[in-house]
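Engineer: Have a look at the structure that comes next, please.
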Amino acid sequence: MYYKFVLAILFLFFVLQLQPIKAQDTLSTFADLVPFVTTPDEVVDAMLELAKVDRTDRIIDLGSGDGRIPIRAAVLFGTHGIGVEIDAGLVEEAIINAKKEGVSHLVDFVQGDLFEMDFSEATVLTLYLFPDINLKLRPKILQMKSGTRIVSHRFDMGDWEPDETRKIVLPDGKEHLIFMWRIQ
């Protein structure tokens with residue numbers, strides 16, 4: 001009898017442990033596809049320069065992490081921006097960073113799946129996503145307005161020929177590629 005009781009307790013414990021793990025895995029599936037890796041400040045500046053960002057632009061950063069790209073655009077140019085990030089903790093960090101920089105009135109950060117977001121109002125779309133994610137975004141990108149600039153750190157868009165490519169060499173010797181396409 002004691003044996004069955006212990007087995008029942010162990011089984012119940014096992015089942016209860018599976019539920020949170022299963023839910024957590026479901027919520028983090030997309031976040032696991034693209035881990036948060038910061039874009040160095042010099043690369044952020046080069047991305048904004050390559051896109052010729054100015055005050056009239058509306059920048060949307062997909063996979064915005066700590067918010068550095070829209071925040072930097074707001075600080076430098078007074079640009080309005082939105083960061084889209086799946087990780088709630090990073091969204092909170094981005095909101096705090098925007099307040100510290102005094103640009104929270106210019107930038108918003110949204111927790112969500114970038115495939116579900118409407119980014120058609122962007123005049124500049126920034127990315128630091130893996131190539132397979134970039135390829136999956138192409139149909140949505142093609143629906144964007146003519147003249148919209150797409151700027152990607154490190155990864156291209158497959159067979160789409162970039163309008164411009166730049167190599168940034170940081171003081172530590174690390175090289176970073178950035179690509180820019182203009183929607184026709």
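Each chain in the structure tokens gets a letter, A, B and so on, in the order shown; residues start at 1 in every chain, and ligands are counted from 1 in the order they appear.
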Please run DSSP on the backbone and report, as a VMD selection string, all residues within stretch 13-135 of chain A that come out as strand (DSSP E or B).
Structural biologist: chain A and resid 58 to 62 80 to 85 107 to 111 124 to 127
Engineer: Among the residues of stretch 12-171 of chain A, find those DSSP assigns to helix (DSSP H, G or I) from the backbone and print them as an MDAnalysis selection string.
Structural biologist: chainID A and resid 12:33 41:50 68:77 88:101 131:142
Engineer: Please provide as a CSV table (one decimal) with N, CA and C atoms, in the first residue's frame all residues within 6 Å of stretch 122-127 of chain A, with the sequence filter that same-chain residues fewer than 2 positions apart are discarded (counting only C-alpha atoms).
Structural biologist:
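Just written: around39.csv:
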```csv
chain,number,residue,atom,x,y,z
A,57,ASP,N,11.0,60.4,-40.3
A,57,ASP,CA,10.9,59.0,-40.4
A,57,ASP,C,10.1,58.4,-39.3
A,58,ARG,N,9.6,57.2,-39.5
A,58,ARG,CA,9.0,56.4,-38.5
A,58,ARG,C,9.7,55.0,-38.6
A,59,ILE,N,10.5,54.8,-37.6
A,59,ILE,CA,11.4,53.6,-37.5
A,59,ILE,C,10.7,52.5,-36.7
A,60,ILE,N,10.7,51.3,-37.3
A,60,ILE,CA,10.2,50.1,-36.5
A,60,ILE,C,11.4,49.1,-36.5
A,61,ASP,N,11.7,48.7,-35.3
A,61,ASP,CA,12.8,47.7,-35.1
A,61,ASP,C,12.2,46.4,-34.6
A,62,LEU,N,12.4,45.4,-35.5
A,62,LEU,CA,11.9,44.1,-35.2
A,62,LEU,C,12.9,43.3,-34.4
A,119,PHE,N,3.7,46.4,-39.5
A,119,PHE,CA,4.7,47.4,-39.6
A,119,PHE,C,4.7,48.2,-40.9
A,120,SER,N,3.5,48.2,-41.5
A,120,SER,CA,3.4,48.9,-42.8
A,120,SER,C,3.6,50.4,-42.8
A,129,LEU,N,18.1,39.8,-37.2
A,129,LEU,CA,17.5,38.5,-37.1
A,129,LEU,C,18.2,37.5,-37.9
A,148,THR,N,10.4,52.8,-48.6
A,148,THR,CA,10.8,52.3,-47.3
A,148,THR,C,12.2,51.7,-47.3
A,149,ARG,N,13.0,52.0,-46.3
A,149,ARG,CA,14.3,51.4,-46.2
A,149,ARG,C,14.3,50.3,-45.2
A,150,ILE,N,14.9,49.2,-45.6
A,150,ILE,CA,15.1,48.0,-44.8
A,150,ILE,C,16.6,47.9,-44.5
A,151,VAL,N,16.9,47.9,-43.2
A,151,VAL,CA,18.4,47.8,-42.8
A,151,VAL,C,18.5,46.6,-41.9
A,152,SER,N,19.4,45.8,-42.3
A,152,SER,CA,19.7,44.5,-41.5
A,152,SER,C,21.1,44.5,-41.1
```
Engineer: Applying 12 Å and only C-alpha atoms, which residues near A:Val37 remain after dropping the ones on its own chain fewer than 3 positions away? List them as a list in words.
Structural biologist: Ala31, Val34, Pro40, Gly63, Ser64, Gly65, Asp66, Gly67, Arg68, Leu90, Leu127, Tyr128, Leu129, Phe130, His153 and Arg154 of chain A
Engineer: So that I can check the surroundings of A:Val75, please list as number ranges by chain every protein, DNA and RNA residue that reaches within 9 Å of it, counting only C-alpha atoms and ignoring chain neighbours fewer than 4 positions away.
Structural biologist: A: 70-71, 79, 101-103
Engineer: Can you write just those residues out, C-alpha atoms, as a CSV table (one decimal), in the first residue's frame?
Structural biologist:
```
chain,number,residue,atom,x,y,z
A,70,PRO,CA,14.7,53.3,-31.9
A,71,ILE,CA,16.1,55.1,-28.8
A,79,THR,CA,12.5,60.2,-34.9
A,101,GLU,CA,17.4,59.0,-22.5
A,102,GLY,CA,14.4,61.4,-22.2
A,103,VAL,CA,12.8,60.1,-25.4
```
Engineer: A:Ile82, A:Arg166, A:Gly147, A:Asp156: which is nearest A:Ile183, counting only C-alpha atoms?
Structural biologist: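 Distance minimum relative to A:Ile183 lands on A:Gly147.
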Engineer: Quick one, how far is atom CA of A:Glu116 from atom CA of A:Trp160?
Structural biologist: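 If I compute the distance from atom CA of A:Glu116 to atom CA of A:Trp160, I get 22.8 Å.
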